[in-house]
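**Student:** One structure, as structure tokens, below. Some questions next.
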Amino acid sequence: MVQEQAAAAGANDAAPPAKDAEQQQPKPFSVKEGMQGIITLLEKAVKTKETRLLMGRLMRQTAMVRKHMTASDLVAFINTYLPKDSNSAGFLKGYVMQDGDTAPMEDDATAAGDAGDGADAGSALGPSQLPEVELYMYLLLLVNLLDRKQFAQAREVADTAVGLLQQHNRRTLDAIGARIYFYYSWAYECTGALADVRSTLMAAHCTAGLRHDAVGQETLLNLLLRNYLAYNLYDQAEKFRSKAQKADTWRVPGQYCRYLYYLGTIRAIQLEYTEAKEVLQQASRKAPTCAHGFRVACNKWLILVRLLLGEVPERVEFSAPGMRTPLAPYFELTCAVRSGDLAQFRVVSEKFAAAFRADRTTNLITRLQYNVIRTGLRRINLAYSRISLKDVAEKLALPSAVDAEYICAKAIRDGGIDAVLDHAGGFLATRELTDLYSTNEPQAAFHERIAFCLNLHNEAVKAMRFEPDAHKRALAAANGGKEQMSVEEIARAIEEEEDDM
Amino acid sequence: MSLLKEAQQLLDKLKTAHKKNDWPAGKAVLGQLRIKLIQLPAVPPNTGFSSPTAQQELLLARDVYEHAVLLALKSQDEAALESSFTQLKTFYADTRSLLPAAPQEWMFAGLDLLRLLVANRIAEFHTELELLPAEGMAAPHVVSAVQLEQWLMEGAYNKVLAAGKSLPPECSFAVEQLSATVREEIASCAEASYSSLKLADAQVLMMMTSKMELEQFAEQHGWAIEGDLVHFYRAAAADANAEQHLRLINQSLLYAKELERIV
């Protein structure tokens, strides 16, 4: 289940090993079967108006087909499944041909032949009149172009697709539409023109809200947030997020994870570290195991937020598989903060300045300076029961004892250290440690854990779904050995009774 | 054409009013200028039209907004300051691609940051900071604002007050409020960390000039002055207890409710 949702989230999918063994066979074959399966699925789903089917299975199968698709395959599918005279068919084929593969021209004939065979051999699937199929073709082409890094062309295809999408108002199109918007935004992002897309996305978001298109709303909300955050417009992002209509429960787990991540970054910038930490932790936990890049990004922010809150992340987190290299600068940063050494902190932040700028975390790291001082103070406080302010200034590399006095006073007020200052004598004295268990601290810690478990239980209950045929089985079991009597038998039984009487 | 000329004349009037620090006259001229600006075709929000004098109009508009900000600064009018800063910032953002960059943009950014800092709107301070590109971060006003924020956060209040005295003249609005904020902060820190302090020391610590000031301050904060010492009381214990009880009750009720739900 988790892996399938990873595919739905559009992350790099890890095709399950069983499928790989199957696909050792000539590849076009299974791609064709995959396509047939998808088209059948689409038609069935539209007929029965079953949107959930679309979301899950369609995306999974698309992900599987995506890896092995070639230009010739695409042309074959377009020829088979779209009506010959539609505008889209011509438009799409034009783009597929542009690829610069010389191969398609030859393979076209063979592919067309194969497609013909395939179509006959399989179910009698011919050109389909459904807009779903049409837009699905657009989606496939978009995905293909993006995979091949042809961003400018992908952009054009996306424009047309979005234009076409806006003409329809069908709920069965929601899932496909959401994916199209996603790739539309991505194509623009890869060509560096993200700002242009903003008004279209906003309009689409409003429409999705009006039409109760939950999937579309979620996707578009995330796309808009990403748009604002790419330009550092945290203020606007927050205003939008607080005013946007959101459903109570999220349909797509991948979108929920993304939303949590964006929310976490906004909160971190706004200095609300507790909330940011909570949200980022949730995002990191809910993310599927194959969404590697996402987790790395989440973890980077999480580490910084924890440092800003005054806790030091465990060493284990940095050496998780695959995380060691990207998190290396943050590891060194954590060491510097932990040791309370301001000079070392400055050296580290200069050394990795480029990496931090790429991650957009430079400002957060400047804020960490205060934390370095506070950690240093805390260490001193723990080590000494009484220490003169002059010595404190020396140890922390502060300019003078007066500065040290002010800084200590502030740290005491903020609850960073538990001490008293004596101005006349000029020293810092630690207050006696009280027994922690006699305070309310353990209660608070327990409460957090209890609340989390209860929340988990509630969410699990909400996420349960009943099997659609369960009640039939129960009924059959209840009838048990009794045979179903036909109408005639019943009539005969009644006659016999009357005779008896 | 004549529209542009009229606007230019009004702008000159505004500049003279600004030099003379004449706020009411300046405000009146500003009102007229705003109407003129709406009529000019190339100024946002009328970006649909292009006109031959587009560049001049945009430059004119920028001048107007900048002077609006400066006037509001001089007159210490909070509401006007807020609105004129917002207008200026949106104007800069909209016309970034249309006009050559102006160095005073960063000065205004720095002033805005300073304004947010002394009003203690730190979250907005940081979101504004995120918007600045690398060259903006290097501008002197911005650098001093950022430095001040860091010192405030660290608690090096003596540095803050020293820097406050050496700010450029545009930032004069900030100095008073800054010293007031700093003094409050020092007071609360002192409450938490000292049990008692000699009067003379307290005066130096809070950077007050006279004993009278200190006594007034102490009255406000509920400190007791006995002879030579100032005693800081921490009277918050009782309330904390009541809060704790309430919290425990709430928590227990929550557990009961949730456990009942488990079938």
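Identifiers in this document derive from the order of the structure tokens: chains are assigned A, B, ..., residues are numbered from 1 separately in each chain, and ligands are numbered from 1 in order of occurrence.
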Give as a count of residues only every residue of chain B that touches chain A within 6 Å, counting only C-alpha atoms.

**Tutor:** 10

**Student:** Return as number ranges by chain the full set of residues in range 415-483 of chain A whose backbone-based DSSP assignment is alpha helix (DSSP H).

**Tutor:** A: 441-463, 470-479

**Student:** Any idea what's packed within 12 Å of Ile35 in chain B, counting only C-alpha atoms, ignoring anything in its chain fewer than 4 positions away? Could you give it as a list in words?

**Tutor:**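 Returned residues: Leu3, Glu6, Ala7, Leu10, Ala28, Val29, Leu30, Gly31, Gln39, Leu40, Val43, Ala61 and Val64 of chain B.
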
**Student:** Would you put the residues from that selection into a file with N, CA and C atoms, as a PDB file, in the first residue's frame?

**Tutor:**
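Result written to out_37.pdb:
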ATOM      1  N   LEU B   3      -0.318  66.007 -18.179  1.00  0.00           N
ATOM      2  CA  LEU B   3      -0.553  65.255 -16.948  1.00  0.00           C
ATOM      3  C   LEU B   3       0.760  65.008 -16.240  1.00  0.00           C
ATOM      4  N   GLU B   6       2.076  68.235 -14.779  1.00  0.00           N
ATOM      5  CA  GLU B   6       1.389  68.608 -13.535  1.00  0.00           C
ATOM      6  C   GLU B   6       1.885  67.762 -12.376  1.00  0.00           C
ATOM      7  N   ALA B   7       2.006  66.479 -12.667  1.00  0.00           N
ATOM      8  CA  ALA B   7       2.469  65.572 -11.619  1.00  0.00           C
ATOM      9  C   ALA B   7       3.858  65.975 -11.144  1.00  0.00           C
ATOM     10  N   LEU B  10       3.655  68.931  -8.821  1.00  0.00           N
ATOM     11  CA  LEU B  10       3.187  68.533  -7.493  1.00  0.00           C
ATOM     12  C   LEU B  10       4.301  67.856  -6.711  1.00  0.00           C
ATOM     13  N   ALA B  28      -1.456  67.010   2.097  1.00  0.00           N
ATOM     14  CA  ALA B  28      -2.419  67.505   1.111  1.00  0.00           C
ATOM     15  C   ALA B  28      -1.904  67.292  -0.300  1.00  0.00           C
ATOM     16  N   VAL B  29      -0.639  67.692  -0.501  1.00  0.00           N
ATOM     17  CA  VAL B  29      -0.055  67.530  -1.844  1.00  0.00           C
ATOM     18  C   VAL B  29      -0.042  66.051  -2.230  1.00  0.00           C
ATOM     19  N   LEU B  30       0.263  65.200  -1.244  1.00  0.00           N
ATOM     20  CA  LEU B  30       0.326  63.762  -1.508  1.00  0.00           C
ATOM     21  C   LEU B  30      -1.009  63.241  -2.007  1.00  0.00           C
ATOM     22  N   GLY B  31      -2.093  63.734  -1.389  1.00  0.00           N
ATOM     23  CA  GLY B  31      -3.418  63.304  -1.822  1.00  0.00           C
ATOM     24  C   GLY B  31      -3.636  63.625  -3.287  1.00  0.00           C
ATOM     25  N   GLN B  39      -4.168  58.358 -12.795  1.00  0.00           N
ATOM     26  CA  GLN B  39      -4.494  58.721 -14.176  1.00  0.00           C
ATOM     27  C   GLN B  39      -3.367  58.401 -15.137  1.00  0.00           C
ATOM     28  N   LEU B  40      -2.144  58.356 -14.638  1.00  0.00           N
ATOM     29  CA  LEU B  40      -1.028  58.059 -15.533  1.00  0.00           C
ATOM     30  C   LEU B  40      -1.137  56.633 -16.051  1.00  0.00           C
ATOM     31  N   VAL B  43       1.616  53.564 -14.872  1.00  0.00           N
ATOM     32  CA  VAL B  43       1.926  53.228 -13.485  1.00  0.00           C
ATOM     33  C   VAL B  43       1.038  52.077 -13.031  1.00  0.00           C
ATOM     34  N   ALA B  61       6.525  57.981 -10.192  1.00  0.00           N
ATOM     35  CA  ALA B  61       5.728  57.276  -9.179  1.00  0.00           C
ATOM     36  C   ALA B  61       6.621  56.796  -8.048  1.00  0.00           C
ATOM     37  N   VAL B  64       7.473  59.573  -5.786  1.00  0.00           N
ATOM     38  CA  VAL B  64       6.332  59.952  -4.941  1.00  0.00           C
ATOM     39  C   VAL B  64       6.232  59.028  -3.735  1.00  0.00           C
TER      40      VAL B  64
END

**Student:** What separation in Å, quoted to one decimal, exists between CA of Phe345 in chain A and CA of Leu263 in chain A?

**Tutor:**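 A separation of 28.0 Å between them.
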
**Student:** One number please: CA of Ala463 in chain A to CA of Arg57 in chain A, in Å, one decimal.

**Tutor:**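 Here the two named atoms are 18.4 Å from each other.
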
**Student:** What residues in range 122-224 of chain B get the DSSP label strand (DSSP E or B)? Please answer as a list in words.

**Tutor:**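 Residues meeting the strand (DSSP E or B) criterion: Ser196, Leu197, Lys198 and Ala224 of chain B.
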
**Student:** Write out the residues from the selection above, keeping C-alpha atoms, as an mmCIF file, in the first residue's frame.

**Tutor:**
data_model
loop_
_atom_site.group_PDB
_atom_site.id
_atom_site.type_symbol
_atom_site.label_atom_id
_atom_site.label_comp_id
_atom_site.auth_asym_id
_atom_site.auth_seq_id
_atom_site.Cartn_x
_atom_site.Cartn_y
_atom_site.Cartn_z
ATOM 1 C CA SER B 196 18.080 42.147 44.950
ATOM 2 C CA LEU B 197 20.268 44.898 43.632
ATOM 3 C CA LYS B 198 21.843 48.072 44.921
ATOM 4 C CA ALA B 224 10.086 47.182 46.695
#

**Student:** May I have the residues within 12 Å of Thr274 in chain A as a list in words, using only C-alpha atoms and disregarding those fewer than 5 positions away in the same chain?

**Tutor:** Gly264, Thr265, Arg267, Ala268, Ile269, Val279, Leu280, Gln281, Leu302, Leu304, Val305, Arg306, Leu307, Leu308, Leu309, Gly310 and Glu311 of chain A

**Student:** List as a PyMOL selection string the protein and nucleic acid residues near His231 in chain B, meaning an atom at most 10 Å away when only C-alpha atoms are counted, but skip any in the same chain fewer than 2 places from it.

**Tutor:** chain B and resi 191+194-199+218+222-226+228-229+233-234

**Student:** Write to file, as a compact mmCIF listing (two decimals), in the first residue's frame, the residues of the selection just made, with C-alpha atoms.

**Tutor:**
# COMPACT_ATOMS: atom_id res chain seq x y z
CA GLU B 191 13.52 40.42 37.83
CA TYR B 194 18.65 38.95 40.66
CA SER B 195 17.10 38.61 44.05
CA SER B 196 18.08 42.15 44.95
CA LEU B 197 20.27 44.90 43.63
CA LYS B 198 21.84 48.07 44.92
CA LEU B 199 20.12 51.21 43.68
CA ALA B 218 10.16 50.35 40.26
CA GLY B 222 5.92 46.37 41.74
CA TRP B 223 9.44 46.22 43.11
CA ALA B 224 10.09 47.18 46.70
CA ILE B 225 12.77 49.74 47.50
CA GLU B 226 14.25 49.36 50.93
CA ASP B 228 19.78 51.05 49.40
CA LEU B 229 18.41 47.93 47.78
CA TYR B 233 9.56 39.89 43.79
CA ARG B 234 8.37 36.91 41.93

**Student:** What is the CA of Leu37 in chain B-CA of Gln56 in chain B distance in Å, reported with one decimal?

**Tutor:**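 Separating CA of Leu37 in chain B from CA of Gln56 in chain B is a distance of 12.0 Å.
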
**Student:** Set the distance at 9 Å and use only C-alpha atoms: which residues neighbour Asn299 in chain A once local chain neighbours fewer than 4 positions away are removed? I'd like the list as a ChimeraX atom specification.

**Tutor:** /A:280-281,284,294-295,303-304,317,323,327

**Student:** Those same residues, written as a short mmCIF file (atom, residue, chain, number, x, y, z; two decimals), in the first residue's frame with all heavy atoms?

**Tutor:**
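Below is the file that was written, out_32.cif:
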data_model
loop_
_atom_site.label_atom_id
_atom_site.label_comp_id
_atom_site.auth_asym_id
_atom_site.auth_seq_id
_atom_site.Cartn_x
_atom_site.Cartn_y
_atom_site.Cartn_z
N LEU A 280 6.82 19.01 10.92
CA LEU A 280 7.87 18.39 10.11
C LEU A 280 8.06 16.93 10.49
O LEU A 280 8.32 16.08 9.64
CB LEU A 280 9.18 19.16 10.27
CG LEU A 280 9.25 20.47 9.48
CD1 LEU A 280 10.46 21.27 9.89
CD2 LEU A 280 9.31 20.19 8.00
N GLN A 281 7.92 16.64 11.78
CA GLN A 281 8.06 15.25 12.20
C GLN A 281 6.97 14.40 11.60
O GLN A 281 7.20 13.29 11.13
CB GLN A 281 8.00 15.14 13.72
CG GLN A 281 9.35 15.17 14.36
CD GLN A 281 9.28 15.15 15.85
OE1 GLN A 281 8.26 15.48 16.45
NE2 GLN A 281 10.37 14.76 16.46
N SER A 284 7.71 13.78 7.98
CA SER A 284 8.77 12.82 7.79
C SER A 284 8.28 11.40 8.06
O SER A 284 8.65 10.46 7.37
CB SER A 284 9.93 13.19 8.71
OG SER A 284 10.86 12.19 8.76
N PHE A 294 12.57 13.78 -0.55
CA PHE A 294 11.66 14.50 0.32
C PHE A 294 12.08 14.35 1.77
O PHE A 294 12.11 15.31 2.54
CB PHE A 294 10.24 13.95 0.12
CG PHE A 294 9.21 14.55 1.01
CD1 PHE A 294 8.71 15.80 0.74
CD2 PHE A 294 8.76 13.87 2.12
CE1 PHE A 294 7.77 16.37 1.57
CE2 PHE A 294 7.80 14.43 2.94
CZ PHE A 294 7.32 15.68 2.67
N ARG A 295 12.42 13.10 2.14
CA ARG A 295 12.80 12.89 3.53
C ARG A 295 14.07 13.61 3.90
O ARG A 295 14.20 14.12 5.01
CB ARG A 295 13.00 11.41 3.78
CG ARG A 295 11.68 10.76 3.81
CD ARG A 295 11.82 9.33 3.98
NE ARG A 295 10.97 8.91 5.04
CZ ARG A 295 11.22 7.88 5.79
NH1 ARG A 295 12.31 7.21 5.57
NH2 ARG A 295 10.39 7.54 6.72
N ILE A 303 16.27 19.16 11.63
CA ILE A 303 17.48 19.33 12.44
C ILE A 303 17.65 20.77 12.85
O ILE A 303 17.90 21.10 14.01
CB ILE A 303 18.72 18.86 11.64
CG1 ILE A 303 18.67 17.35 11.49
CG2 ILE A 303 19.99 19.28 12.33
CD1 ILE A 303 19.66 16.84 10.49
N LEU A 304 17.46 21.68 11.88
CA LEU A 304 17.64 23.09 12.20
C LEU A 304 16.63 23.55 13.23
O LEU A 304 16.97 24.28 14.17
CB LEU A 304 17.50 23.93 10.94
CG LEU A 304 18.74 23.95 10.07
CD1 LEU A 304 18.48 24.74 8.81
CD2 LEU A 304 19.91 24.54 10.82
N GLU A 317 20.49 9.79 13.76
CA GLU A 317 19.70 10.32 12.66
C GLU A 317 20.56 10.71 11.48
O GLU A 317 20.11 10.70 10.34
CB GLU A 317 18.93 11.55 13.12
CG GLU A 317 17.86 11.23 14.12
CD GLU A 317 17.21 12.49 14.64
OE1 GLU A 317 17.24 13.49 13.91
OE2 GLU A 317 16.72 12.47 15.76
N MET A 323 21.44 9.04 4.09
CA MET A 323 21.32 10.42 4.56
C MET A 323 22.67 11.02 4.88
O MET A 323 22.77 12.20 5.13
CB MET A 323 20.47 10.45 5.84
CG MET A 323 19.12 9.90 5.64
SD MET A 323 17.98 11.23 5.45
CE MET A 323 16.51 10.43 5.94
N LEU A 327 23.40 15.17 4.64
CA LEU A 327 23.28 15.79 5.94
C LEU A 327 24.63 16.12 6.57
O LEU A 327 24.68 16.62 7.68
CB LEU A 327 22.50 14.87 6.89
CG LEU A 327 21.01 14.73 6.56
CD1 LEU A 327 20.34 13.85 7.58
CD2 LEU A 327 20.33 16.08 6.55
#

**Student:** If you count only C-alpha atoms, which residues fall within 10 Å of Gln282 in chain A, apart from same-chain ones fewer than 2 positions away, as a ChimeraX atom specification?

**Tutor:** /A:256-257,260-261,264,276-280,284-287,298

**Student:** Keeping N, CA and C atoms for every residue in the selection just given, could you write it to a file as an mmCIF file, in the first residue's frame?

**Tutor:**
data_model
loop_
_atom_site.group_PDB
_atom_site.id
_atom_site.type_symbol
_atom_site.label_atom_id
_atom_site.label_comp_id
_atom_site.auth_asym_id
_atom_site.auth_seq_id
_atom_site.Cartn_x
_atom_site.Cartn_y
_atom_site.Cartn_z
ATOM 1 N N TYR A 256 -0.695 15.302 1.399
ATOM 2 C CA TYR A 256 -0.707 15.695 2.806
ATOM 3 C C TYR A 256 0.711 15.888 3.320
ATOM 4 N N CYS A 257 1.598 14.954 2.932
ATOM 5 C CA CYS A 257 2.995 15.081 3.364
ATOM 6 C C CYS A 257 3.597 16.371 2.856
ATOM 7 N N LEU A 260 2.324 19.346 4.803
ATOM 8 C CA LEU A 260 2.935 19.452 6.122
ATOM 9 C C LEU A 260 4.336 20.039 6.016
ATOM 10 N N TYR A 261 5.071 19.614 5.005
ATOM 11 C CA TYR A 261 6.426 20.120 4.844
ATOM 12 C C TYR A 261 6.429 21.623 4.598
ATOM 13 N N GLY A 264 5.538 23.417 7.687
ATOM 14 C CA GLY A 264 6.663 23.408 8.615
ATOM 15 C C GLY A 264 7.688 24.475 8.285
ATOM 16 N N ALA A 276 6.485 24.029 14.171
ATOM 17 C CA ALA A 276 7.243 23.595 12.999
ATOM 18 C C ALA A 276 7.794 22.195 13.221
ATOM 19 N N LYS A 277 8.319 21.966 14.419
ATOM 20 C CA LYS A 277 8.915 20.652 14.682
ATOM 21 C C LYS A 277 7.857 19.553 14.603
ATOM 22 N N GLU A 278 6.700 19.827 15.230
ATOM 23 C CA GLU A 278 5.624 18.824 15.210
ATOM 24 C C GLU A 278 5.245 18.461 13.789
ATOM 25 N N VAL A 279 4.999 19.516 13.013
ATOM 26 C CA VAL A 279 4.513 19.315 11.652
ATOM 27 C C VAL A 279 5.550 18.592 10.800
ATOM 28 N N LEU A 280 6.820 19.014 10.919
ATOM 29 C CA LEU A 280 7.865 18.392 10.106
ATOM 30 C C LEU A 280 8.058 16.933 10.494
ATOM 31 N N SER A 284 7.711 13.784 7.977
ATOM 32 C CA SER A 284 8.774 12.816 7.786
ATOM 33 C C SER A 284 8.276 11.404 8.058
ATOM 34 N N ARG A 285 7.387 11.243 9.044
ATOM 35 C CA ARG A 285 6.890 9.898 9.359
ATOM 36 C C ARG A 285 5.934 9.380 8.309
ATOM 37 N N LYS A 286 5.075 10.296 7.797
ATOM 38 C CA LYS A 286 4.064 9.817 6.859
ATOM 39 C C LYS A 286 4.621 9.594 5.468
ATOM 40 N N ALA A 287 5.797 10.123 5.202
ATOM 41 C CA ALA A 287 6.312 9.991 3.837
ATOM 42 C C ALA A 287 6.658 8.535 3.563
ATOM 43 N N CYS A 298 13.139 17.163 4.464
ATOM 44 C CA CYS A 298 12.418 17.264 5.733
ATOM 45 C C CYS A 298 13.381 17.223 6.898
#

**Student:** Could you check the closest approach to Ala119 in chain B for each of B:Gln177, B:Arg247, B:Ala79, B:Lys27 and tell me which residue wins, using only C-alpha atoms?

**Tutor:**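 Residue with the minimum atom-to-atom distance to Ala119 in chain B: B:Gln177.
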
**Student:** Nearest residue to Arg378 in chain A out of A:Val337, A:Ala45, A:Ala358, A:Leu165, using only C-alpha atoms?

**Tutor:**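 Residue with the minimum atom-to-atom distance to Arg378 in chain A: A:Val337.
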